[in-house]
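Source file: input_22.csv; contents: CSV, C-alpha atoms.
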```
chain,number,residue,atom,x,y,z
N,1,MET,CA,0.0,0.0,0.0
N,2,HIS,CA,1.3,3.4,-0.9
N,3,ASN,CA,0.4,6.5,1.1
N,4,LEU,CA,0.0,9.4,-1.4
N,5,LEU,CA,-3.7,9.7,-0.5
N,6,LYS,CA,-3.7,8.2,3.0
N,7,GLY,CA,-6.4,9.8,5.2
N,8,LYS,CA,-8.1,11.5,2.2
N,9,ARG,CA,-11.8,11.0,1.5
N,10,GLY,CA,-13.6,11.5,-1.8
N,11,ILE,CA,-16.4,11.0,-4.2
N,12,ILE,CA,-15.8,9.4,-7.6
N,13,PHE,CA,-18.5,9.9,-10.3
N,14,GLY,CA,-18.8,7.9,-13.5
N,15,ALA,CA,-17.2,4.4,-13.0
N,16,LEU,CA,-19.2,2.2,-15.4
N,17,ASP,CA,-16.9,-0.8,-16.2
N,18,GLU,CA,-13.2,-1.7,-15.9
N,19,ASN,CA,-12.4,0.3,-19.1
N,20,SER,CA,-13.6,3.6,-17.7
N,21,ILE,CA,-11.1,6.2,-16.4
N,22,ALA,CA,-13.2,6.6,-13.2
N,23,TRP,CA,-12.8,2.9,-12.6
N,24,LYS,CA,-9.1,2.9,-13.0
N,25,THR,CA,-8.9,6.1,-10.9
N,26,ALA,CA,-10.9,4.4,-8.1
N,27,GLU,CA,-8.5,1.4,-8.1
N,28,ARG,CA,-5.4,3.7,-8.0
N,29,VAL,CA,-6.9,5.9,-5.2
N,30,HIS,CA,-7.6,2.8,-3.2
N,31,GLU,CA,-4.0,1.6,-3.7
N,32,GLU,CA,-2.7,5.0,-2.5
N,33,GLY,CA,-4.7,4.7,0.7
N,34,GLY,CA,-7.7,7.0,-0.2
N,35,VAL,CA,-11.2,6.1,0.7
N,36,PHE,CA,-14.3,7.2,-1.3
N,37,VAL,CA,-17.9,6.6,-2.3
N,38,LEU,CA,-18.8,5.7,-5.8
N,39,SER,CA,-21.7,7.4,-7.6
N,40,ASN,CA,-23.5,7.0,-10.9
N,41,ALA,CA,-26.9,7.4,-12.3
N,42,PRO,CA,-29.3,4.5,-11.5
N,43,ALA,CA,-29.5,3.4,-15.2
N,44,SER,CA,-25.7,3.4,-15.4
N,45,ILE,CA,-25.4,1.4,-12.2
N,46,ARG,CA,-27.8,-1.2,-13.7
N,47,MET,CA,-25.9,-1.3,-17.0
N,48,GLY,CA,-22.4,-1.4,-15.6
N,49,SER,CA,-20.5,-3.5,-13.1
N,50,ILE,CA,-19.9,-0.9,-10.4
N,51,TYR,CA,-20.7,-3.3,-7.5
N,52,ASP,CA,-17.6,-5.3,-8.4
N,53,LEU,CA,-15.5,-2.2,-8.0
N,54,GLY,CA,-17.2,-1.3,-4.7
N,55,GLN,CA,-16.4,-4.8,-3.4
N,56,LYS,CA,-12.8,-4.6,-4.7
N,57,THR,CA,-12.1,-1.2,-3.1
N,58,GLY,CA,-14.4,-1.5,0.0
N,59,SER,CA,-16.5,1.4,-1.2
N,60,GLN,CA,-20.2,2.1,-0.9
N,61,ILE,CA,-22.2,3.0,-4.0
N,62,ILE,CA,-24.7,5.8,-3.9
N,63,ALA,CA,-27.1,6.2,-6.9
N,64,ALA,CA,-27.4,9.8,-7.9
N,65,ASP,CA,-28.6,11.6,-11.0
N,66,ALA,CA,-25.8,14.3,-11.4
N,67,THR,CA,-28.3,16.6,-13.0
N,68,SER,CA,-30.6,16.6,-9.9
N,69,VAL,CA,-29.5,19.0,-7.1
N,70,ALA,CA,-31.7,17.0,-4.6
N,71,ASP,CA,-29.8,13.7,-5.5
N,72,LEU,CA,-26.5,15.5,-5.2
N,73,GLU,CA,-27.4,17.0,-1.8
N,74,ASN,CA,-28.3,13.5,-0.5
N,75,LEU,CA,-25.1,12.0,-2.0
N,76,VAL,CA,-22.8,14.6,-0.3
N,77,ASP,CA,-24.6,14.2,3.1
N,78,GLN,CA,-24.3,10.4,2.9
N,79,ALA,CA,-20.7,10.5,1.7
N,80,ILE,CA,-19.7,12.7,4.7
N,81,GLU,CA,-21.5,10.3,7.0
N,82,ILE,CA,-20.1,7.1,5.5
N,83,LEU,CA,-16.5,8.5,5.2
N,84,GLY,CA,-16.5,10.1,8.6
N,85,GLY,CA,-15.7,13.7,7.6
N,86,LYS,CA,-15.5,16.3,4.9
N,87,ILE,CA,-14.4,15.6,1.3
N,88,ASP,CA,-10.8,15.9,0.0
N,89,PHE,CA,-11.2,15.0,-3.6
N,90,VAL,CA,-13.9,14.7,-6.3
N,91,LEU,CA,-13.7,13.2,-9.8
N,92,HIS,CA,-16.4,14.2,-12.3
N,93,SER,CA,-16.1,11.6,-15.1
N,94,ILE,CA,-19.5,12.0,-16.7
N,95,GLY,CA,-20.2,12.6,-20.4
N,96,MET,CA,-23.2,11.8,-22.7
N,97,SER,CA,-24.5,13.0,-26.0
N,98,VAL,CA,-28.0,11.8,-27.0
N,99,ASN,CA,-27.4,13.3,-30.5
N,100,ILE,CA,-24.3,11.0,-31.0
N,101,ARG,CA,-26.3,8.0,-29.7
N,102,LYS,CA,-29.1,8.7,-32.1
N,103,GLY,CA,-26.8,9.3,-35.0
N,104,ASN,CA,-27.7,13.0,-35.4
N,105,HIS,CA,-25.1,15.0,-37.3
N,106,TYR,CA,-23.8,18.2,-35.7
N,107,THR,CA,-25.6,20.3,-38.3
N,108,ASN,CA,-28.8,18.5,-37.6
N,109,GLN,CA,-29.3,18.4,-33.9
N,110,ASN,CA,-32.4,17.6,-31.9
N,111,TYR,CA,-32.1,20.5,-29.4
N,112,GLU,CA,-33.9,18.5,-26.7
N,113,TYR,CA,-31.2,16.0,-27.0
N,114,THR,CA,-28.6,18.8,-27.1
N,115,GLU,CA,-29.9,20.2,-23.8
N,116,LYS,CA,-30.0,16.8,-22.1
N,117,GLY,CA,-26.4,16.1,-23.1
N,118,TRP,CA,-25.2,19.5,-22.0
N,119,ASN,CA,-27.0,19.1,-18.6
N,120,VAL,CA,-25.5,15.7,-18.0
N,121,SER,CA,-22.0,16.4,-19.4
N,122,ALA,CA,-21.4,20.0,-18.3
N,123,VAL,CA,-24.0,21.7,-16.1
N,124,SER,CA,-23.8,18.7,-13.7
N,125,PHE,CA,-20.2,19.8,-12.9
N,126,HIS,CA,-21.5,23.2,-11.8
N,127,LYS,CA,-24.3,21.4,-9.8
N,128,VAL,CA,-21.8,19.1,-8.0
N,129,MET,CA,-19.6,22.0,-7.1
N,130,GLN,CA,-22.5,24.3,-6.0
N,131,VAL,CA,-23.7,21.6,-3.6
N,132,LEU,CA,-20.2,21.0,-2.2
N,133,TYR,CA,-19.7,24.8,-1.9
N,134,LYS,CA,-23.0,25.6,-0.2
N,135,LYS,CA,-22.7,22.7,2.2
N,136,ASP,CA,-19.0,23.6,3.0
N,137,ALA,CA,-18.4,19.9,2.4
N,138,MET,CA,-14.7,20.2,1.1
N,139,ASN,CA,-11.6,20.3,3.3
N,140,GLU,CA,-9.1,23.1,2.7
N,141,TRP,CA,-6.6,22.1,0.0
N,142,GLY,CA,-9.0,19.7,-1.5
N,143,SER,CA,-9.0,18.9,-5.2
N,144,ILE,CA,-11.8,18.7,-7.7
N,145,VAL,CA,-11.1,17.3,-11.2
N,146,ALA,CA,-13.3,16.8,-14.3
N,147,LEU,CA,-12.3,15.0,-17.4
N,148,SER,CA,-12.3,16.9,-20.7
N,149,TYR,CA,-11.1,16.5,-24.2
N,150,MET,CA,-9.2,18.7,-26.7
N,151,ALA,CA,-12.3,19.0,-28.9
N,152,ALA,CA,-13.2,21.8,-26.5
N,153,GLN,CA,-10.6,23.9,-28.4
N,154,ARG,CA,-10.1,22.3,-31.8
N,155,VAL,CA,-12.4,20.8,-34.4
N,156,PHE,CA,-13.0,17.0,-34.3
N,157,PRO,CA,-16.0,16.8,-36.7
N,158,ASP,CA,-17.5,13.5,-35.3
N,159,TYR,CA,-17.2,14.6,-31.6
N,160,ASN,CA,-20.4,16.5,-32.3
N,161,ASP,CA,-22.1,18.5,-29.5
N,162,MET,CA,-19.8,16.8,-26.9
N,163,ALA,CA,-17.2,19.4,-28.1
N,164,ASP,CA,-19.4,22.2,-27.0
N,165,ASN,CA,-20.2,20.4,-23.7
N,166,LYS,CA,-16.5,20.1,-22.9
N,167,ALA,CA,-15.9,23.7,-23.7
N,168,TYR,CA,-18.6,24.7,-21.2
N,169,LEU,CA,-17.2,22.2,-18.7
N,170,GLU,CA,-13.8,23.8,-18.8
N,171,SER,CA,-15.3,27.3,-18.4
N,172,VAL,CA,-17.2,26.1,-15.3
N,173,ALA,CA,-14.0,24.7,-13.8
N,174,ARG,CA,-12.3,28.1,-14.2
N,175,SER,CA,-15.2,30.2,-13.1
N,176,PHE,CA,-16.3,28.1,-10.1
N,177,GLY,CA,-12.6,27.3,-9.3
N,178,TYR,CA,-12.0,31.0,-8.6
N,179,PHE,CA,-14.6,31.1,-5.9
N,180,PHE,CA,-13.7,27.7,-4.5
N,181,GLY,CA,-10.0,28.8,-4.3
N,182,ARG,CA,-10.7,32.2,-2.8
N,183,ASP,CA,-13.3,31.1,-0.3
N,184,LYS,CA,-12.4,27.5,0.6
N,185,LYS,CA,-8.8,26.9,-0.5
N,186,VAL,CA,-10.0,24.2,-2.9
N,187,ARG,CA,-8.5,23.7,-6.3
N,188,VAL,CA,-10.5,22.9,-9.5
N,189,ASN,CA,-9.0,21.6,-12.7
N,190,THR,CA,-9.9,19.7,-15.8
N,191,ILE,CA,-7.7,17.0,-17.4
N,192,SER,CA,-7.8,17.0,-21.2
N,193,GLN,CA,-7.1,13.3,-21.9
N,194,SER,CA,-6.0,11.4,-25.1
N,195,PRO,CA,-8.8,9.6,-26.9
N,196,THR,CA,-9.4,6.6,-24.7
N,197,ALA,CA,-11.2,3.3,-25.5
N,198,THR,CA,-14.0,3.7,-23.0
N,199,LYS,CA,-17.8,3.0,-23.4
N,200,ALA,CA,-18.4,6.8,-24.0
N,201,GLY,CA,-15.4,7.1,-26.4
N,202,GLN,CA,-16.4,4.2,-28.5
N,203,GLY,CA,-19.8,5.8,-29.2
N,204,VAL,CA,-18.1,8.4,-31.3
N,205,LYS,CA,-18.2,7.7,-35.1
N,206,GLY,CA,-14.7,7.0,-36.6
N,207,PHE,CA,-13.3,6.5,-33.1
N,208,VAL,CA,-11.0,3.6,-34.0
N,209,GLY,CA,-9.4,5.5,-36.9
N,210,PHE,CA,-9.0,8.6,-34.8
N,211,ILE,CA,-7.3,6.8,-31.8
N,212,ALA,CA,-4.8,5.4,-34.3
N,213,PHE,CA,-4.2,8.8,-35.8
N,214,ALA,CA,-3.7,10.4,-32.4
N,215,ASP,CA,-1.2,7.7,-31.4
N,216,LYS,CA,0.9,8.4,-34.6
N,217,MET,CA,0.7,12.2,-34.0
N,218,ALA,CA,1.7,12.2,-30.3
N,219,PRO,CA,5.5,11.9,-29.7
N,220,LEU,CA,4.8,9.7,-26.6
N,221,GLY,CA,1.7,8.0,-28.1
N,222,ASN,CA,-1.7,8.1,-26.5
N,223,ALA,CA,-2.1,8.3,-22.7
N,224,THR,CA,-4.1,5.2,-21.5
N,225,ALA,CA,-6.9,5.2,-18.9
N,226,LEU,CA,-4.4,4.0,-16.3
N,227,ASP,CA,-2.0,6.9,-17.2
N,228,CYS,CA,-4.9,9.3,-16.7
N,229,ALA,CA,-5.8,7.6,-13.3
N,230,ASN,CA,-2.2,8.1,-12.2
N,231,TYR,CA,-2.3,11.8,-13.2
N,232,THR,CA,-5.6,12.2,-11.4
N,233,VAL,CA,-4.1,10.7,-8.2
N,234,ALA,CA,-1.3,13.3,-8.5
N,235,MET,CA,-3.9,16.0,-8.8
N,236,PHE,CA,-5.7,14.7,-5.7
N,237,SER,CA,-2.4,14.6,-3.7
N,238,ASP,CA,-0.8,17.4,-1.7
N,239,LEU,CA,2.0,17.5,-4.3
N,240,THR,CA,-0.1,19.7,-6.6
N,241,LYS,CA,-1.8,21.9,-4.0
N,242,MET,CA,-1.1,25.1,-5.8
N,243,VAL,CA,-2.4,24.0,-9.2
N,244,THR,CA,-5.9,25.4,-10.0
N,245,LEU,CA,-8.0,26.8,-12.8
N,246,GLN,CA,-6.0,24.8,-15.3
N,247,ASN,CA,-7.0,22.6,-18.3
N,248,LEU,CA,-4.2,20.1,-18.0
N,249,LEU,CA,-3.3,18.5,-21.4
N,250,HIS,CA,-2.6,14.8,-20.8
N,251,ASP,CA,-2.2,13.5,-24.3
N,252,GLY,CA,1.4,12.4,-25.0
N,253,GLY,CA,2.1,15.8,-26.6
N,254,PHE,CA,-0.6,15.6,-29.3
N,255,SER,CA,-1.9,19.1,-28.5
N,256,ASN,CA,1.3,20.8,-29.5
N,257,MET,CA,1.9,18.9,-32.7
N,258,GLY,CA,1.2,20.3,-36.2
N,259,VAL,CA,2.1,17.1,-38.0
N,260,SER,CA,4.3,14.1,-37.3
N,261,GLN,CA,6.8,12.4,-39.6
N,262,GLU,CA,4.7,9.2,-39.3
N,263,VAL,CA,1.5,10.9,-40.5
N,264,VAL,CA,3.3,12.7,-43.4
N,265,GLU,CA,4.7,9.3,-44.5
N,266,MET,CA,1.2,7.9,-44.7
N,267,PHE,CA,0.4,10.4,-47.4
N,268,GLU,CA,3.6,10.3,-49.4
```
How would this structure read if it were set down as structure tokens?
Amino acid sequence: MHNLLKGKRGIIFGALDENSIAWKTAERVHEEGGVFVLSNAPASIRMGSIYDLGQKTGSQIIAADATSVADLENLVDQAIEILGGKIDFVLHSIGMSVNIRKGNHYTNQNYEYTEKGWNVSAVSFHKVMQVLYKKDAMNEWGSIVALSYMAAQRVFPDYNDMADNKAYLESVARSFGYFFGRDKKVRVNTISQSPTATKAGQGVKGFVGFIAFADKMAPLGNATALDCANYTVAMFSDLTKMVTLQNLLHDGGFSNMGVSQEVVEMFE
């Protein structure tokens, strides 16, 4: 057992199955001595295998719709009771686009679907933080992390309305992060991860081709879900206590590349 997170308590949103970044993060947090509750929407709990993760890490599972303030209030109250004190870390690993699921092109959105995806993927992050903030539920020098993707800044045509959701998510992290830092000494960051073969990622059209392209572009190749989990553990630890309001690019260098030799050679 390592001790990077010993004595720290948290909430991890979004662990669906063993491929998900939240799942890998939960395993790594457990290995580093942190304790936590796991949360997901009731439908996701039924679809996934989160109870296996709960058993493996000795964690309780609390169903909560992250778009429901009442559910989140109940979750935070229960988490504090179960864990025996205020929260030190939170991972928001939630993303969903109904337009992508239904095969609607970006230029032909069903706006009811757009709104639902935006609420689940982005506004839920504000709701989570607002509940934590109002309840004064976070310890000083705590850390809140949400997972993002570089489509928030650059065009990836098939990422659809999720690109807009991630841009909103990153803005919420900065805006709420200011108040959380000033008033509670809590840091808020997003991690912009390489394309990763998760359930959510694989729903995006052309994903397999894109993951191979990103791997050829990035000097270090794609960061895996486990790499992201390790980075998140670092962000939860006291080693990064002065890092806040950042969108942290965790992508093997992809984001700074114009083109790589390997990609050029594919066209010559």
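CA of Ser93 (chain N) to CA of Ala212 (chain N) spans 23.1 Å [interatomic distance, one decimal].
Neighbours of Asn3 (chain N) closer than or equal to 12 Å, with only C-alpha atoms counted and sequence neighbours fewer than 2 positions away skipped, come out as N:Met1, N:Leu5, N:Lys6, N:Gly7, N:Lys8, N:Arg28, N:Val29, N:His30, N:Glu31, N:Glu32, N:Gly33, N:Gly34, N:Val35, N:Val233, N:Ala234, N:Ser237, N:Asp238.
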Distance criterion (only C-alpha atoms): nearest to Gln153 (chain N) out of N:Leu169, N:Ala197, N:Ile21, N:Leu226: N:Leu169
Near-region 131-134 of chain N list (12 Å; all atoms listed in the file; drop same-chain fewer than 2 positions) as a ChimeraX atom specification: /N:10-11,66-77,79-80,86-90,124-129,136-140,142-144,176-186
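Candidate residues N:Leu239, N:Ala173, N:Ala26, N:Ala15 were compared for distance to Met47 (chain N), and the nearest is N:Ala15, using all atoms listed in the file.
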Under the rule of at most 10 Å, produce a per-residue listing of region 56-163 of chain N near region 243-265 of chain N: chain, number, name, the closest pair of atoms, and the distance in Å, as JSON lines, using all atoms listed in the file.
```
{"residue": "N:Ser143", "atom": "CA", "partner": "N:Thr244", "partner_atom": "CA", "distance": 8.7}
{"residue": "N:Ile144", "atom": "CA", "partner": "N:Thr244", "partner_atom": "CA", "distance": 9.2}
{"residue": "N:Val145", "atom": "CA", "partner": "N:Thr244", "partner_atom": "CA", "distance": 9.7}
{"residue": "N:Ala146", "atom": "CA", "partner": "N:Asn247", "partner_atom": "CA", "distance": 9.5}
{"residue": "N:Leu147", "atom": "CA", "partner": "N:Asn247", "partner_atom": "CA", "distance": 9.3}
{"residue": "N:Ser148", "atom": "CA", "partner": "N:Asn247", "partner_atom": "CA", "distance": 8.1}
{"residue": "N:Tyr149", "atom": "CA", "partner": "N:Leu249", "partner_atom": "CA", "distance": 8.5}
{"residue": "N:Met150", "atom": "CA", "partner": "N:Ser255", "partner_atom": "CA", "distance": 7.5}
{"residue": "N:Gln153", "atom": "CA", "partner": "N:Ser255", "partner_atom": "CA", "distance": 9.9}
{"residue": "N:Arg154", "atom": "CA", "partner": "N:Ser255", "partner_atom": "CA", "distance": 9.4}
```
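With CA of Leu16 (chain N) on one side and CA of Lys199 (chain N) on the other, the separation reads 8.2 Å.
Closest to Asn99 (chain N) among N:Tyr51, N:Phe236, N:Tyr168, N:Tyr159 is N:Tyr159, based on only C-alpha atoms.
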One-decimal distance in Å that lies between CA of Val172 (chain N) and CA of Ile50 (chain N): 27.6 Å
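With distances restricted to all atoms listed in the file, N:Lys102 is the closest residue to Thr114 (chain N) from N:Arg174, N:Lys135, N:Lys205, N:Lys102.
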All residues 9 Å or closer to Ala214 (chain N), all atoms listed in the file, same chain fewer than 5 positions away omitted, as a VMD selection string: chain N and resid 194 to 195 209 221 to 222 251 254
Residue neighbourhood Ile45 (chain N), 12 Å, only C-alpha atoms, exclusion window fewer than 2 positions, as a PyMOL selection string: chain N and resi 13-17+38-43+47-54+61-65
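Distance annotation: of N:Tyr113, N:Asn19, N:Arg9, N:Lys166, the residue with the minimal separation from Glu81 (chain N) is N:Arg9; atom set is all atoms listed in the file.
Of the listed residues (N:Asn110, N:Gln193, N:Asn104, N:Ala122), N:Asn104 comes nearest to Asp158 (chain N); the distances count all atoms listed in the file.
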